[in-house]
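See below for the structure under consideration.
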Amino acid sequence: MAEIRYKLDVFEGPLDLLLHLISKHKLNINDIPISSLVDQYLEYITDISDDMEYAGEFLEMAARLIYIKTVSLLPQREEGEKLKKELEGRLIEYSAIKLCAAALSGMYTDTPYCVREPLKIDTAEPYSLRHSTAELLAAYGALGRKAKGSKINTAPFQVIVSKRFVSVTTKMVYILKNLYQTGECTLKDIFSDMTDRSERVAAFLAVLELTRNGRILLNEDNTRITFSNSEYSEDIFSDFDSDGAEESDTSETLNASEQG
Amino acid sequence: MTLTDKAAELEALLFASGDPVDPLKIADLLQIDKGAVPQLADKLNECYTDNSSSLAVIVLGGRYQLAVKKEYAAVVQAAVREKKNAPLSAPAMEALTIIAYNQPVTKSFVEHIRGVDSSGVVNSLVAKGLVEEAGRLDLPGKPIAYRTTDTFLRCFDIKSLDELPPLPTRADAASFAQDGGADEDIQDGKGGDDM
Amino acid sequence: MTLTDKAAELEALLFASGDPVDPLKIADLLQIDKGAVPQLADKLNECYTDNSSSLAVIVLGGRYQLAVKKEYAAVVQAAVREKKNAPLSAPAMEALTIIAYNQPVTKSFVEHIRGVDSSGVVNSLVAKGLVEEAGRLDLPGKPIAYRTTDTFLRCFDIKSLDELPPLPTRADAASFAQDGGADEDIQDGKGGDDM
């Protein structure tokens with residue numbers, strides 16, 4: 001696949017490939033022998049059909065060539081001739097553009113005359129030309145169907161934008177509160193009714209944080225947690241109370257679990 | 001009086017920069033000693049005076065800038081005003097229409113409707129004072145929203161946005177589509193709903 | 001050689017504008033006859049040459065712009081840290097050629113001639129400032145047309161589109177395709193599709 005891609009990357013597109021084949025096989029561009037061109041073209045792109053997206057333009061041209069060849073075989077040959085002329089015309093036109101692009105690219109300079117930004121002066125004088133509102137309507141008409149824009153609907157994005165963030169502190173309190181009641185619990189219990197990703201991440205970080213500062217202990221296979229030292233338990237909430245932003249959140253959690 | 005090579009280089013540098021340039025940077029770019037910069041600037045200024053040029057090197061907070069002498073302020077003002085008052089281009093008018101009828105809208109909304117990058121066009125409308133920022137929308141990335149200004153109302157000679165002409169109804173749009181050959185999409189009335 | 005009042009005013013005007021200015025506007029702002037503008041610009045240029053200034057008045061598409069002479073491009077580019085004009089890729093050059101010789105044209109016209117989707121290439125030319133929108137064509141779907149800019153003229157060092165090399169004749173193009181002017185490139189595979 002990579003090889004084919006490399007082979008085709010050399011060309012700007014199907015027209016470029018056709019020009020290449022025409023020059024390589026010394027075909028007459030003013031009267032292309034379609035049959036032999038089709039064969040050579042197909043031979044060239046034969047392996048690319050796996051990658052439709054990449055090769056679409058090349059395949060479309062293949063289909064076109066085959067179509068021209070087919071209609072040329074019919075008794076009524078006018079259409080075939082017409083299509084062939086059209087293709088020849090396109091190829092010659094494209095060839096002219098390539099020639100011209102080569103000439104232009106020689107004129108392109110990487111060090112042109114340098115110019116400057118306009119002077120930035122705040123005249124505090126805004127735009128003052130007068131327009132009629134009919135010009136707005138005309139511009140609207142020029143947009144065609146696209147002008148039928150609806151207002152931005154923020155609702156579908158609410159989920160993303162206002163996604164709940166669960167603080168680690170809240171979860172630390174939640175875990176400790178659990179431990180007051182049970183003395184020890186499994187990690188599974190803690191995560192069991194958490195469905196929200198943010199909540200789970202916060203709880204996980206809370207466990208790590210509590211372990212790090214020595215308030216809980218994890219057993220050997222990291223499945224159960226226990227209080228490491230009950231004497232801390234008195235101070236814990238006062239610690240968190242100083243964290244102003246989290247305060248209301250925390251107390252809500254506490255109330256909820258007290259009621260429960 | 002003619003300029004030395006280095007003075008001409010300094011002129012080129014200040015001309016293209018626009019903003020004030022630090023002497024250290026000047027010394028670095030011209031490969032001269034930092035101490036020689038003031039002298040070079042003086043030289044350039046002398047030359048401008050001698051030749052009755054409209055330009056002058058000014059020093060702002062220790063940095064150098066090329067500017068127009070005060071005597072020419074009138075002509076400069078006129079040039080800038082003229083620029084600001086350049087008539088609206090067709091793309092600008094399109095973008096203004098989209099903003100006027102859908103405000104507040106983001107640049108990407110304008111871009112979506114127009115089908116091409118419209119950032120520059122919207123910026124030019126802001127520069128002309130026809131459109132202004134209107135906070136950020138509650139969308140991913142918190143994009144800036146834009147709305148029309150009082151200047152807009154004045155320029156279009158209306159008192160409020162209510163006076164904007166009504167947009168063609170769906171039926172009108174459909175017949176427009178028929179004459180104009182525009183799209184079927186209008187029929188179902190939800191052209192560009194998606195962002 | 002010293003500047004006359006009007007020449008100095010012209011200098012101030014062009015300096016402030018930055019962009020190319022139409023001679024009609026110059027005549028209007030300086031209150032001179034339109035026919036006197038080219039002469040005045042010549043005067044200013046003469047003066048710049050005499051004084052070995054780094055500046056020059058250039059004419060782009062019939063409009064006047066103050067610029068830095070090419071000799072000083074290196075120092076200016078270092079100063080404004082403007083990326084050196086990256087060479088244009090082959091696809092970009094093809095698209096630019098098609099637009100330059102057929103303007104105003106739509107993206108689908110470019111695509112038709114090249115035989116490949118050209119939307120991205122045209123967008124990149126717009127981003128580079130070589131090409132700009134030129135309104136919509138009265139065709140189904142109201143497509144946007146594109147044309148080349150003043151920057152295009154400046155980057156190809158021509159004063160107007162008339163100075164573009166003539167398009168190859170049909171016969172030239174046909175024989176080019178036949179004797180394979182492009183052949184060598186293809187053999188060693190350095191077509192270079194990347195932009």
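Following the order of the structure tokens, first chain is A, next is B, and so on, with residues numbered from 1 inside each chain and ligands from 1 in the order they appear.
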### Task
Give the residues of chain A that lie within 6 Å of chain C; count only C-alpha atoms, and format the answer as a PyMOL selection string.
chain A and resi 10+13+15+19+23+92+94-96+101+107-119
Could you turn the residues from that selection into a file that holds C-alpha atoms, as a PDB file, in the first residue's frame?
ATOM      1  CA  VAL A  10       4.458  11.903  -7.356  1.00  0.00           C
ATOM      2  CA  GLY A  13      -3.767  13.988  -9.688  1.00  0.00           C
ATOM      3  CA  LEU A  15      -4.624  14.464 -15.123  1.00  0.00           C
ATOM      4  CA  LEU A  19       0.104  13.550 -19.033  1.00  0.00           C
ATOM      5  CA  SER A  23       4.646  11.550 -22.775  1.00  0.00           C
ATOM      6  CA  ILE A  92      -3.891  20.368 -22.987  1.00  0.00           C
ATOM      7  CA  TYR A  94      -3.773  21.434 -17.689  1.00  0.00           C
ATOM      8  CA  SER A  95      -0.484  21.049 -19.498  1.00  0.00           C
ATOM      9  CA  ALA A  96      -0.541  24.774 -20.305  1.00  0.00           C
ATOM     10  CA  ALA A 101       3.200  27.547 -13.231  1.00  0.00           C
ATOM     11  CA  MET A 107       9.476  34.766 -10.804  1.00  0.00           C
ATOM     12  CA  TYR A 108       8.460  34.151  -7.206  1.00  0.00           C
ATOM     13  CA  THR A 109      10.756  35.977  -4.865  1.00  0.00           C
ATOM     14  CA  ASP A 110      11.308  35.171  -1.237  1.00  0.00           C
ATOM     15  CA  THR A 111      12.612  38.679  -0.608  1.00  0.00           C
ATOM     16  CA  PRO A 112      10.009  41.037  -1.998  1.00  0.00           C
ATOM     17  CA  TYR A 113       9.743  44.739  -1.303  1.00  0.00           C
ATOM     18  CA  CYS A 114       8.890  44.998   2.340  1.00  0.00           C
ATOM     19  CA  VAL A 115       5.903  47.048   3.299  1.00  0.00           C
ATOM     20  CA  ARG A 116       4.558  48.165   6.633  1.00  0.00           C
ATOM     21  CA  GLU A 117       1.382  47.880   8.601  1.00  0.00           C
ATOM     22  CA  PRO A 118      -0.884  50.897   8.355  1.00  0.00           C
ATOM     23  CA  LEU A 119      -0.299  53.479  11.055  1.00  0.00           C
TER      24      LEU A 119
END
### Query
Using only C-alpha atoms, which residues sit within 12 Å of stretch 191-196 of chain A once same-chain residues fewer than 3 positions away are excluded, as a count of residues only?
20
### Query
Could you work out how far atom CA of B:Asn123 lies from atom CA of C:Thr106, giving the answer in Å with one decimal?
23.9 Å
### Message
As an exercise, work out the distance from atom CA of A:Glu209 to atom CA of A:Val168 in Å and give it to one decimal place.
### Response
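These atoms are spaced 8.7 Å apart.
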#### Entry: Top pick for closest residue to chain C, considering B:Ile99, B:Ser118, B:Asp33, B:Val59 and counting only C-alpha atoms
B:Ser118
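If you count only C-alpha atoms and ignore residues fewer than 6 places along the chain from stretch 35-42 of chain C, what sits within 7 Å of it is Ala7, Pro23, Ala27 and Val57 of chain C.
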## Note on the structure
In Å and to one decimal, atom CA of B:Thr148 is distant from atom CA of C:Val131 by 28.2 Å
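Among the candidates C:Ser119, C:Asn45, C:Thr149, C:Ser53, the one nearest to chain B when counting only C-alpha atoms is C:Ser53.
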